[in-house]
Every structure is written in C-alpha cells, then in structure tokens.
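*Asks:* What follows is the file query.cif, containing mmCIF, C-alpha atoms:
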```cif
data_structure
#
loop_
_atom_site.group_PDB
_atom_site.id
_atom_site.type_symbol
_atom_site.label_atom_id
_atom_site.label_comp_id
_atom_site.auth_asym_id
_atom_site.auth_seq_id
_atom_site.Cartn_x
_atom_site.Cartn_y
_atom_site.Cartn_z
ATOM 1 C CA MET A 797 128.256 55.981 -76.359
ATOM 2 C CA ILE A 798 125.756 53.271 -75.330
ATOM 3 C CA ASN A 799 125.756 50.206 -77.528
ATOM 4 C CA PRO A 800 122.156 49.634 -78.842
ATOM 5 C CA THR A 801 122.672 45.868 -78.792
ATOM 6 C CA SER A 802 123.706 45.856 -75.147
ATOM 7 C CA MET A 803 120.741 48.118 -74.297
ATOM 8 C CA VAL A 804 118.299 45.684 -75.942
ATOM 9 C CA SER A 805 119.991 42.797 -74.156
ATOM 10 C CA TYR A 806 119.726 44.618 -70.829
ATOM 11 C CA LYS A 807 116.001 45.366 -71.321
ATOM 12 C CA LEU A 808 115.321 41.770 -72.343
ATOM 13 C CA LYS A 809 117.171 40.526 -69.274
ATOM 14 C CA ARG A 810 115.140 42.837 -67.010
ATOM 15 C CA LYS A 811 111.905 41.441 -68.466
ATOM 16 C CA VAL A 812 112.895 37.779 -68.383
ATOM 17 C CA GLU A 813 114.708 37.720 -65.040
ATOM 18 C CA PRO A 814 111.592 37.985 -62.781
ATOM 19 C CA TYR A 815 110.006 35.011 -64.549
ATOM 20 C CA LEU A 816 113.156 32.949 -63.957
ATOM 21 C CA TYR A 817 112.803 33.573 -60.213
ATOM 22 C CA LEU A 818 109.114 32.650 -60.393
ATOM 23 C CA SER A 819 109.640 29.599 -62.585
ATOM 24 C CA PRO A 820 109.754 27.011 -59.722
ATOM 25 C CA SER A 821 106.447 28.288 -58.343
ATOM 26 C CA LEU A 822 104.930 28.471 -61.822
ATOM 27 C CA VAL A 823 105.909 24.858 -62.480
ATOM 28 C CA VAL A 824 104.282 23.736 -59.207
ATOM 29 C CA VAL A 825 101.104 25.702 -59.998
ATOM 30 C CA ALA A 826 101.005 24.221 -63.496
ATOM 31 C CA LEU A 827 101.369 20.662 -62.175
ATOM 32 C CA LEU A 828 98.928 20.988 -59.282
ATOM 33 C CA MET A 829 96.283 23.235 -60.855
ATOM 34 C CA LEU A 830 96.495 23.793 -64.595
ATOM 35 C CA LEU A 831 97.247 20.185 -65.540
ATOM 36 C CA PRO A 832 94.353 18.683 -63.468
ATOM 37 C CA MET A 833 91.978 21.348 -64.843
ATOM 38 C CA CYS A 834 92.936 20.493 -68.425
ATOM 39 C CA MET A 835 92.523 16.778 -67.681
ATOM 40 C CA VAL A 836 89.030 17.301 -66.231
ATOM 41 C CA ILE A 837 88.002 19.360 -69.262
ATOM 42 C CA ALA A 838 89.299 16.595 -71.535
ATOM 43 C CA TYR A 839 87.435 13.919 -69.519
ATOM 44 C CA SER A 840 84.158 15.808 -69.951
ATOM 45 C CA PHE A 841 84.368 15.186 -73.706
ATOM 46 C CA GLN A 842 85.207 11.475 -73.419
ATOM 47 C CA GLU A 843 83.057 8.383 -73.084
ATOM 48 C CA SER A 844 83.840 6.368 -69.925
ATOM 49 C CA ALA A 845 86.838 8.543 -69.076
ATOM 50 C CA VAL A 846 89.450 7.037 -66.720
ATOM 51 C CA LEU A 847 87.539 3.743 -66.525
ATOM 52 C CA ARG A 848 88.603 2.712 -70.033
ATOM 53 C CA PRO A 849 92.086 3.225 -71.509
ATOM 54 C CA ASP A 850 90.601 3.630 -74.999
ATOM 55 C CA ALA A 851 87.928 6.206 -74.086
ATOM 56 C CA SER A 852 86.280 7.583 -77.224
ATOM 57 C CA PHE A 853 85.289 11.153 -78.002
ATOM 58 C CA ALA A 854 81.717 11.887 -76.846
ATOM 59 C CA GLY A 855 81.320 15.540 -77.835
ATOM 60 C CA PHE A 856 78.846 17.479 -75.701
ATOM 61 C CA LYS A 857 76.907 14.353 -74.687
ATOM 62 C CA HIS A 858 77.691 14.683 -70.990
ATOM 63 C CA TYR A 859 76.881 18.395 -70.923
ATOM 64 C CA ARG A 860 73.495 17.655 -72.489
ATOM 65 C CA ALA A 861 72.974 14.951 -69.859
ATOM 66 C CA ILE A 862 73.525 17.247 -66.891
ATOM 67 C CA PHE A 863 71.598 20.151 -68.449
ATOM 68 C CA THR A 864 68.559 17.879 -68.891
ATOM 69 C CA ASP A 865 68.874 16.476 -65.363
ATOM 70 C CA GLU A 866 66.373 18.017 -62.931
ATOM 71 C CA VAL A 867 68.678 17.243 -60.007
ATOM 72 C CA TYR A 868 71.415 19.392 -61.580
ATOM 73 C CA TRP A 869 69.122 22.426 -61.804
ATOM 74 C CA ALA A 870 67.902 21.813 -58.251
ATOM 75 C CA ALA A 871 71.535 21.661 -57.135
ATOM 76 C CA LEU A 872 72.283 24.901 -58.993
ATOM 77 C CA TRP A 873 69.337 26.649 -57.299
ATOM 78 C CA HIS A 874 70.365 25.332 -53.876
ATOM 79 C CA THR A 875 73.944 26.485 -54.514
ATOM 80 C CA LEU A 876 72.789 30.000 -55.387
ATOM 81 C CA TYR A 877 70.423 30.158 -52.396
ATOM 82 C CA PHE A 878 73.063 28.815 -50.003
ATOM 83 C CA THR A 879 75.707 31.200 -51.382
ATOM 84 C CA VAL A 880 73.670 34.411 -51.678
ATOM 85 C CA VAL A 881 72.024 34.109 -48.256
ATOM 86 C CA SER A 882 75.346 33.214 -46.630
ATOM 87 C CA VAL A 883 77.217 36.146 -48.184
ATOM 88 C CA ILE A 884 74.479 38.655 -47.298
ATOM 89 C CA MET A 885 74.292 37.456 -43.697
ATOM 90 C CA HIS A 886 78.095 37.318 -43.424
ATOM 91 C CA MET A 887 78.193 40.959 -44.456
ATOM 92 C CA ILE A 888 75.398 42.055 -42.092
ATOM 93 C CA LEU A 889 76.775 40.177 -39.071
ATOM 94 C CA GLY A 890 80.364 41.121 -39.854
ATOM 95 C CA LEU A 891 79.502 44.809 -40.108
ATOM 96 C CA THR A 892 77.368 44.698 -36.949
ATOM 97 C CA PHE A 893 80.060 43.034 -34.854
ATOM 98 C CA ALA A 894 82.794 45.250 -36.348
ATOM 99 C CA LEU A 895 80.831 48.371 -35.385
ATOM 100 C CA MET A 896 80.356 46.970 -31.882
ATOM 101 C CA LEU A 897 84.061 46.202 -31.462
ATOM 102 C CA ASN A 898 84.991 49.639 -32.801
ATOM 103 C CA SER A 899 82.542 51.532 -30.595
ATOM 104 C CA LYS A 900 83.893 53.665 -27.742
ATOM 105 C CA ARG A 901 80.671 53.042 -25.838
ATOM 106 C CA VAL A 902 81.763 49.446 -25.167
ATOM 107 C CA SER A 903 84.352 49.137 -22.407
ATOM 108 C CA PRO A 904 87.824 47.937 -23.479
ATOM 109 C CA TRP A 905 87.704 44.702 -21.432
ATOM 110 C CA LEU A 906 84.303 43.787 -22.879
ATOM 111 C CA ARG A 907 85.558 44.524 -26.408
ATOM 112 C CA SER A 908 88.515 42.192 -25.813
ATOM 113 C CA LEU A 909 86.199 39.450 -24.574
ATOM 114 C CA LEU A 910 83.795 39.888 -27.494
ATOM 115 C CA ARG A 911 86.674 39.886 -29.971
ATOM 116 C CA VAL A 912 87.706 36.450 -28.691
ATOM 117 C CA LEU A 913 84.135 35.099 -28.756
ATOM 118 C CA TYR A 914 83.325 36.465 -32.215
ATOM 119 C CA ILE A 915 86.504 35.088 -33.767
ATOM 120 C CA LEU A 916 85.963 31.530 -32.417
ATOM 121 C CA PRO A 917 84.126 30.141 -35.499
ATOM 122 C CA TRP A 918 87.194 30.981 -37.581
ATOM 123 C CA LEU A 919 89.337 28.615 -35.491
ATOM 124 C CA PHE A 920 87.346 25.517 -36.440
ATOM 125 C CA THR A 921 87.588 23.494 -39.626
ATOM 126 C CA GLN A 922 84.426 22.719 -41.586
ATOM 127 C CA VAL A 923 84.527 19.146 -40.288
ATOM 128 C CA ILE A 924 84.428 20.325 -36.674
ATOM 129 C CA ILE A 925 81.721 22.880 -37.493
ATOM 130 C CA ALA A 926 79.621 20.139 -39.104
ATOM 131 C CA VAL A 927 79.984 17.921 -36.017
ATOM 132 C CA ILE A 928 79.113 20.804 -33.666
ATOM 133 C CA TRP A 929 75.932 21.703 -35.533
ATOM 134 C CA ARG A 930 74.865 18.086 -35.951
ATOM 135 C CA LEU A 931 75.012 17.775 -32.159
ATOM 136 C CA LEU A 932 73.245 21.093 -31.549
ATOM 137 C CA LEU A 933 70.479 20.510 -34.102
ATOM 138 C CA GLU A 934 69.765 16.835 -33.533
ATOM 139 C CA PRO A 935 66.150 16.107 -32.452
ATOM 140 C CA ASN A 936 67.142 15.818 -28.765
ATOM 141 C CA GLY A 937 69.847 18.475 -29.001
ATOM 142 C CA VAL A 938 70.361 21.790 -27.262
ATOM 143 C CA VAL A 939 68.533 23.941 -29.809
ATOM 144 C CA ASN A 940 65.283 21.947 -29.671
ATOM 145 C CA SER A 941 65.457 21.814 -25.854
ATOM 146 C CA VAL A 942 65.796 25.599 -25.597
ATOM 147 C CA LEU A 943 63.016 26.238 -28.112
ATOM 148 C CA LEU A 944 60.711 23.780 -26.335
ATOM 149 C CA ASN A 945 61.337 25.387 -22.941
ATOM 150 C CA LEU A 946 60.620 28.825 -24.402
ATOM 151 C CA GLY A 947 57.393 27.560 -25.950
ATOM 152 C CA ILE A 948 58.483 28.522 -29.488
ATOM 153 C CA ILE A 949 57.989 24.985 -30.853
ATOM 154 C CA GLY A 950 55.624 22.260 -29.739
ATOM 155 C CA SER A 951 57.714 19.225 -30.642
ATOM 156 C CA ASN A 952 61.245 18.345 -31.664
ATOM 157 C CA ILE A 953 62.208 19.413 -35.174
ATOM 158 C CA GLN A 954 64.300 17.218 -37.465
ATOM 159 C CA TRP A 955 66.476 20.093 -38.661
ATOM 160 C CA PHE A 956 68.775 18.149 -40.991
ATOM 161 C CA SER A 957 66.317 15.368 -41.833
ATOM 162 C CA SER A 958 63.345 17.428 -42.988
ATOM 163 C CA THR A 959 63.048 18.722 -46.551
ATOM 164 C CA GLU A 960 61.487 21.908 -45.141
ATOM 165 C CA THR A 961 64.350 22.871 -42.826
ATOM 166 C CA ALA A 962 67.498 21.088 -44.040
ATOM 167 C CA LEU A 963 68.675 23.757 -46.507
ATOM 168 C CA GLN A 964 68.028 26.559 -44.012
ATOM 169 C CA ALA A 965 69.865 24.602 -41.289
ATOM 170 C CA VAL A 966 73.060 24.073 -43.313
ATOM 171 C CA THR A 967 72.902 27.685 -44.492
ATOM 172 C CA PHE A 968 72.652 28.870 -40.884
ATOM 173 C CA ALA A 969 75.656 26.729 -39.917
ATOM 174 C CA ASN A 970 77.669 28.208 -42.789
ATOM 175 C CA ILE A 971 76.644 31.748 -41.780
ATOM 176 C CA TRP A 972 77.927 31.114 -38.262
ATOM 177 C CA ALA A 973 81.194 29.736 -39.637
ATOM 178 C CA GLY A 974 81.954 32.507 -42.134
ATOM 179 C CA TYR A 975 81.118 35.923 -40.680
ATOM 180 C CA PRO A 976 84.524 36.438 -38.916
ATOM 181 C CA LEU A 977 86.180 37.128 -42.294
ATOM 182 C CA PHE A 978 83.909 40.126 -42.810
ATOM 183 C CA MET A 979 84.179 41.203 -39.186
ATOM 184 C CA VAL A 980 87.991 41.313 -39.166
ATOM 185 C CA SER A 981 88.214 43.002 -42.581
ATOM 186 C CA LEU A 982 85.569 45.625 -41.800
ATOM 187 C CA LEU A 983 87.018 46.280 -38.345
ATOM 188 C CA ALA A 984 90.350 47.107 -39.981
ATOM 189 C CA GLY A 985 88.512 49.361 -42.443
ATOM 190 C CA LEU A 986 86.638 51.154 -39.657
ATOM 191 C CA GLN A 987 89.866 51.954 -37.851
ATOM 192 C CA GLY A 988 91.194 53.527 -41.036
ATOM 193 C CA ILE A 989 88.323 55.995 -41.538
ATOM 194 C CA PRO A 990 89.462 59.559 -40.706
ATOM 195 C CA ARG A 991 87.854 60.884 -37.520
ATOM 196 C CA ASP A 992 87.570 64.298 -39.183
ATOM 197 C CA LEU A 993 84.611 63.053 -41.205
ATOM 198 C CA TYR A 994 82.641 62.150 -38.082
ATOM 199 C CA GLU A 995 83.594 65.398 -36.336
ATOM 200 C CA ALA A 996 82.355 67.402 -39.302
ATOM 201 C CA ALA A 997 79.134 65.359 -39.302
ATOM 202 C CA ASP A 998 78.654 66.073 -35.583
ATOM 203 C CA ILE A 999 79.043 69.796 -36.234
ATOM 204 C CA ASP A 1000 76.364 69.547 -38.932
ATOM 205 C CA GLY A 1001 74.059 67.750 -36.491
ATOM 206 C CA ALA A 1002 74.094 64.352 -38.228
ATOM 207 C CA THR A 1003 72.468 61.461 -36.385
ATOM 208 C CA GLY A 1004 73.993 58.026 -35.837
ATOM 209 C CA PRO A 1005 72.127 56.355 -38.744
ATOM 210 C CA GLN A 1006 73.035 59.262 -41.048
ATOM 211 C CA LYS A 1007 76.732 58.887 -40.204
ATOM 212 C CA LEU A 1008 76.447 55.130 -40.786
ATOM 213 C CA PHE A 1009 74.812 55.389 -44.227
ATOM 214 C CA PHE A 1010 76.597 58.491 -45.522
ATOM 215 C CA ILE A 1011 80.096 58.098 -44.038
ATOM 216 C CA THR A 1012 80.831 54.618 -42.697
ATOM 217 C CA ILE A 1013 79.306 52.405 -45.397
ATOM 218 C CA PRO A 1014 80.578 54.496 -48.367
ATOM 219 C CA GLN A 1015 84.080 54.448 -46.863
ATOM 220 C CA LEU A 1016 83.868 50.677 -46.394
ATOM 221 C CA MET A 1017 82.290 49.929 -49.771
ATOM 222 C CA PRO A 1018 85.543 48.884 -51.545
ATOM 223 C CA ILE A 1019 86.237 46.367 -48.762
ATOM 224 C CA ILE A 1020 82.621 45.143 -48.726
ATOM 225 C CA VAL A 1021 82.575 44.523 -52.487
ATOM 226 C CA SER A 1022 85.978 42.796 -52.526
ATOM 227 C CA ILE A 1023 85.265 40.507 -49.571
ATOM 228 C CA SER A 1024 81.743 39.742 -50.840
ATOM 229 C CA LEU A 1025 83.074 38.593 -54.215
ATOM 230 C CA LEU A 1026 85.745 36.418 -52.601
ATOM 231 C CA ASP A 1027 83.219 34.990 -50.136
ATOM 232 C CA PHE A 1028 80.803 34.256 -53.005
ATOM 233 C CA ILE A 1029 83.488 32.287 -54.861
ATOM 234 C CA TRP A 1030 84.508 30.306 -51.756
ATOM 235 C CA THR A 1031 80.972 29.637 -50.489
ATOM 236 C CA MET A 1032 79.807 28.406 -53.889
ATOM 237 C CA GLN A 1033 82.324 25.552 -53.614
ATOM 238 C CA VAL A 1034 81.612 24.486 -50.006
ATOM 239 C CA PHE A 1035 81.543 20.699 -49.734
ATOM 240 C CA PRO A 1036 82.574 19.248 -46.308
ATOM 241 C CA LEU A 1037 79.949 21.144 -44.281
ATOM 242 C CA ILE A 1038 77.043 19.977 -46.442
ATOM 243 C CA TRP A 1039 78.367 16.478 -46.989
ATOM 244 C CA LEU A 1040 78.916 15.818 -43.272
ATOM 245 C CA THR A 1041 75.572 17.251 -42.142
ATOM 246 C CA THR A 1042 73.037 16.182 -44.779
ATOM 247 C CA GLY A 1043 74.974 14.495 -47.592
ATOM 248 C CA GLY A 1044 72.876 16.479 -50.053
ATOM 249 C CA GLY A 1045 69.620 15.041 -48.699
ATOM 250 C CA PRO A 1046 66.989 14.449 -47.680
ATOM 251 C CA ILE A 1047 65.653 13.754 -51.195
ATOM 252 C CA TYR A 1048 68.074 16.238 -52.794
ATOM 253 C CA ALA A 1049 66.817 19.024 -50.485
ATOM 254 C CA THR A 1050 70.372 20.250 -49.864
ATOM 255 C CA GLU A 1051 72.020 18.988 -53.034
ATOM 256 C CA VAL A 1052 74.508 21.564 -54.290
ATOM 257 C CA LEU A 1053 76.829 21.464 -57.290
ATOM 258 C CA SER A 1054 79.774 20.160 -55.253
ATOM 259 C CA THR A 1055 77.828 17.215 -53.752
ATOM 260 C CA TYR A 1056 76.108 16.561 -57.088
ATOM 261 C CA THR A 1057 79.490 16.270 -58.809
ATOM 262 C CA TYR A 1058 80.920 14.094 -56.021
ATOM 263 C CA LYS A 1059 78.019 11.628 -56.241
ATOM 264 C CA LEU A 1060 78.342 11.381 -60.012
ATOM 265 C CA ALA A 1061 82.024 10.524 -59.661
ATOM 266 C CA PHE A 1062 82.152 8.286 -56.587
ATOM 267 C CA ALA A 1063 78.602 6.914 -56.212
ATOM 268 C CA GLN A 1064 77.576 6.407 -59.842
ATOM 269 C CA TYR A 1065 81.146 6.143 -61.188
ATOM 270 C CA ASP A 1066 80.200 8.334 -64.135
ATOM 271 C CA LEU A 1067 83.475 10.255 -64.191
ATOM 272 C CA SER A 1068 82.818 11.842 -67.580
ATOM 273 C CA GLN A 1069 79.521 13.379 -66.494
ATOM 274 C CA ALA A 1070 81.097 14.393 -63.177
ATOM 275 C CA ALA A 1071 83.842 16.133 -65.134
ATOM 276 C CA ALA A 1072 81.225 18.022 -67.159
ATOM 277 C CA SER A 1073 79.533 19.152 -63.939
ATOM 278 C CA ALA A 1074 82.918 20.195 -62.513
ATOM 279 C CA VAL A 1075 83.600 22.255 -65.648
ATOM 280 C CA THR A 1076 80.360 24.217 -65.119
ATOM 281 C CA ILE A 1077 81.511 25.004 -61.561
ATOM 282 C CA LEU A 1078 84.884 26.046 -62.961
ATOM 283 C CA LEU A 1079 83.250 28.389 -65.481
ATOM 284 C CA LEU A 1080 81.119 30.015 -62.773
ATOM 285 C CA SER A 1081 84.197 30.486 -60.588
ATOM 286 C CA ILE A 1082 86.237 31.937 -63.470
ATOM 287 C CA GLY A 1083 83.448 34.388 -64.300
ATOM 288 C CA LEU A 1084 83.305 35.620 -60.714
ATOM 289 C CA THR A 1085 87.103 35.761 -60.521
ATOM 290 C CA LEU A 1086 87.323 37.904 -63.654
ATOM 291 C CA PHE A 1087 84.662 40.213 -62.213
ATOM 292 C CA TYR A 1088 86.685 40.452 -58.988
ATOM 293 C CA ILE A 1089 89.893 41.266 -60.913
ATOM 294 C CA ARG A 1090 88.137 43.980 -62.917
ATOM 295 C CA HIS A 1091 86.804 45.479 -59.699
ATOM 296 C CA GLN A 1092 90.272 45.481 -58.158
ATOM 297 C CA LYS A 1093 91.754 47.167 -61.222
ATOM 298 C CA ALA A 1094 88.969 49.789 -61.187
ATOM 299 C CA ARG A 1095 89.977 50.715 -57.632
#
```
Output the file's structure as structure tokens, nothing else.

*Replies:*
Amino acid sequence: MINPTSMVSYKLKRKVEPYLYLSPSLVVVALLMLLPMCMVIAYSFQESAVLRPDASFAGFKHYRAIFTDEVYWAALWHTLYFTVVSVIMHMILGLTFALMLNSKRVSPWLRSLLRVLYILPWLFTQVIIAVIWRLLLEPNGVVNSVLLNLGIIGSNIQWFSSTETALQAVTFANIWAGYPLFMVSLLAGLQGIPRDLYEAADIDGATGPQKLFFITIPQLMPIIVSISLLDFIWTMQVFPLIWLTTGGGPIYATEVLSTYTYKLAFAQYDLSQAAASAVTILLLSIGLTLFYIRHQKAR
C-alpha cells in the first residue's frame, strides 16, 4: 500500500526540483534585469535620484513633467512612425525575397548568390550600419552622386541634416538592416507548406496571385504575426542607429523615446525624469510582450 505522506512528498519534490535546477539562472536574471527595473521605477518617484543620497519622494511630478513636454510627444510620434514603417517594410521585403529564394524559376546558383547578398545586413552591428549609411547619404556621397547622374535630383540633399528627410533616412537605414529576420523566418515557413495545396490549386486553375493570397499568406500568417510583434518590440527600442546618424536631430526631427531618455539622463542630468521616461518605454514593451504571449498561447 502506498503511503499518502510519501506520495505528497514525491509530488512536492517533482514540482520543486525543476526550479532548483533553474535557480542559478533565475538569480542572474533577477540581478541583471528585475533589480535594475525596480530601481528605475523607484528613481522615477524620487527627487534628484542618484545625485543626492537623501532623495525625497516626488510622487508623479516627473511623469507630469514628461507628459507636458512637447518634445516627449514628438519623440513618441517619431518612435511610432519609425517602428510601424520599419516593421511593415521588413515584412514586405522579407516576404518578397523569401518568395524569390523559394522559387523554382530562379536557378540554384543564383539563389545561392542572392541568399548571401540578402543576408549581409544581418552580419553588421548597428554601429557599422550607421557608419555605412552616413557615408552613403552624406552630401557628396554615393547616393546623391547616383541620383544627380540620373537627373532625379538637381542638387545634393542633406539626408541626415534636413528636418524634411532625416526621419525618412534613418527609417530607410533601419529597414535595410532588419528585413533578413523576416526573410529567413518566412523562407523556412515557405518550405514547410505542403505542395499538395498548390497542386490542388493548379488543378482548379488558380493564378499566381490567387495562390499567394489564398494559400501562401494564410499558411504563413502565424509566422508573420509572431515575427512582426517581436520586431515591433525590438525596433521601438532602437538607439545606436539613430544616435550615431542624427543624434535625435536636427531640431528633434528624429528624436525617439530612447534618445529622449538618454539626453535627459546624460545631457541634462535629470535622472529622475529620465527614469520616468524609461518606465513609459517599459510599459509599452510589457504591453506588446503580453499581447505576443497571448498570441502564442492562442496558437
């Protein structure tokens, strides 16, 4: 006869044992992520946090300060524009190149060459990407020279120095840097679609666009949604690319939440207000993360 006490002890051991194996990793995560997050949240409610050892409680003063700051709302709009346009173009380019690399109409050697060329942006860090595009888009750079020779523009354009083109220029650079994630993911998804679906569509006389919109895209939709949500979260927090190309300028034309927070902390030394701005970014990221988790569970 099984002893009830030993059975309860066995079940408890089975539940606790996995967490004991994970405990070293959980401690590291707590020290490197949870503790700094809690400290930043605490700083956002203090007056002169970090700078004074006896910082007093300030309530929601710093949140009111950033929510009444026009630069903050401009940075929020630029962040949304930069993120939404980047994610949409990442998806379009990634799907286009994935379809090309998966097509039987393209010869195998050309597909191998294109695969290498299309994956190149993924090999560079954001610092290198920023340097590359600063060189390409400088007034006397390659891009202006080509456009002048083709007669598309009449004079050199200050891509990163003009308030009219700076945001579009950094967005374009980020689009070039980020589409390989979609391309690789969607290419793997395309190779997993059963060929029977396309053969049945051919028998029914379906055209290429019909097979794309009624077979390919619906089959890829779970991957598209998952990667889009992840890309949205990552792109919303991009800092090095913007900081090294425009620094948030000119005249706040490319100011995003990450550069806005950085300037508050290390240019104005207002660490409490910077912490409040960082908390708003954290809340946006958590909201998107929860939405992503719910989507994954629904699958």

*Asks:* So that I can see what lies close to region 982-994 of chain A, please list as a list in words the residues with an atom at most 10 Å from it, counting only C-alpha atoms and leaving out residues fewer than 5 positions away in the same chain.

*Replies:* Met887, Gly890, Leu891, Thr892, Phe893, Ala894, Leu895, Met896, Leu897, Asn898, Ser899, Pro976, Leu977, Ile999, Asp1000, Ala1002, Gly1004, Lys1007, Leu1008, Ile1011, Thr1012, Ile1013, Gln1015, Leu1016, Met1017, Pro1018, Ile1019, Ile1020 and Ile1023 of chain A

*Asks:* The PyMOL selection byres ((chain A and resi 928) around 12) - which residues does that actually catch in the file I just gave you? List them as a PyMOL selection string.

*Replies:* chain A and resi 917+920-927+929-934+937-939+966+969-970+972-973+1037+1040-1041

*Asks:* If you measure from CA of Ala870 (chain A) to CA of Leu889 (chain A), what distance in Å do you get, rounded to one decimal?

*Replies:*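 Separating CA of Ala870 (chain A) from CA of Leu889 (chain A) is a distance of 28.0 Å.
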
*Asks:* In Å, rounded to a single decimal, give me how far CA of Trp918 (chain A) is from CA of His886 (chain A).

*Replies:* 12.5 Å

*Asks:* Which distance in Å separates CA of Val836 (chain A) and CA of Ile862 (chain A), to one decimal?

*Replies:* 15.5 Å

*Asks:* Counting all atoms listed in the file, which residue out of A:Ser958, A:Leu963, A:Arg860, A:Met979 sits closest to Ile915 (chain A)?

*Replies:*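 Of A:Ser958, A:Leu963, A:Arg860, A:Met979, the one nearest Ile915 (chain A), counting all atoms listed in the file, is A:Met979.
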
*Asks:* With distances taken over all atoms listed in the file, which of A:Thr1085, A:Gln1033, A:Thr959, A:Gln1069 is nearest to Pro1046 (chain A)?

*Replies:*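 Of A:Thr1085, A:Gln1033, A:Thr959, A:Gln1069, the one nearest Pro1046 (chain A) is A:Thr959, counting all atoms listed in the file.
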
*Asks:* Find the residue from A:Asn936, A:Ile1082, A:Pro814, A:His858 that sits nearest to Trp955 (chain A); use only C-alpha atoms when measuring.

*Replies:*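 The shortest atom-to-atom distance to Trp955 (chain A) comes from A:Asn936.
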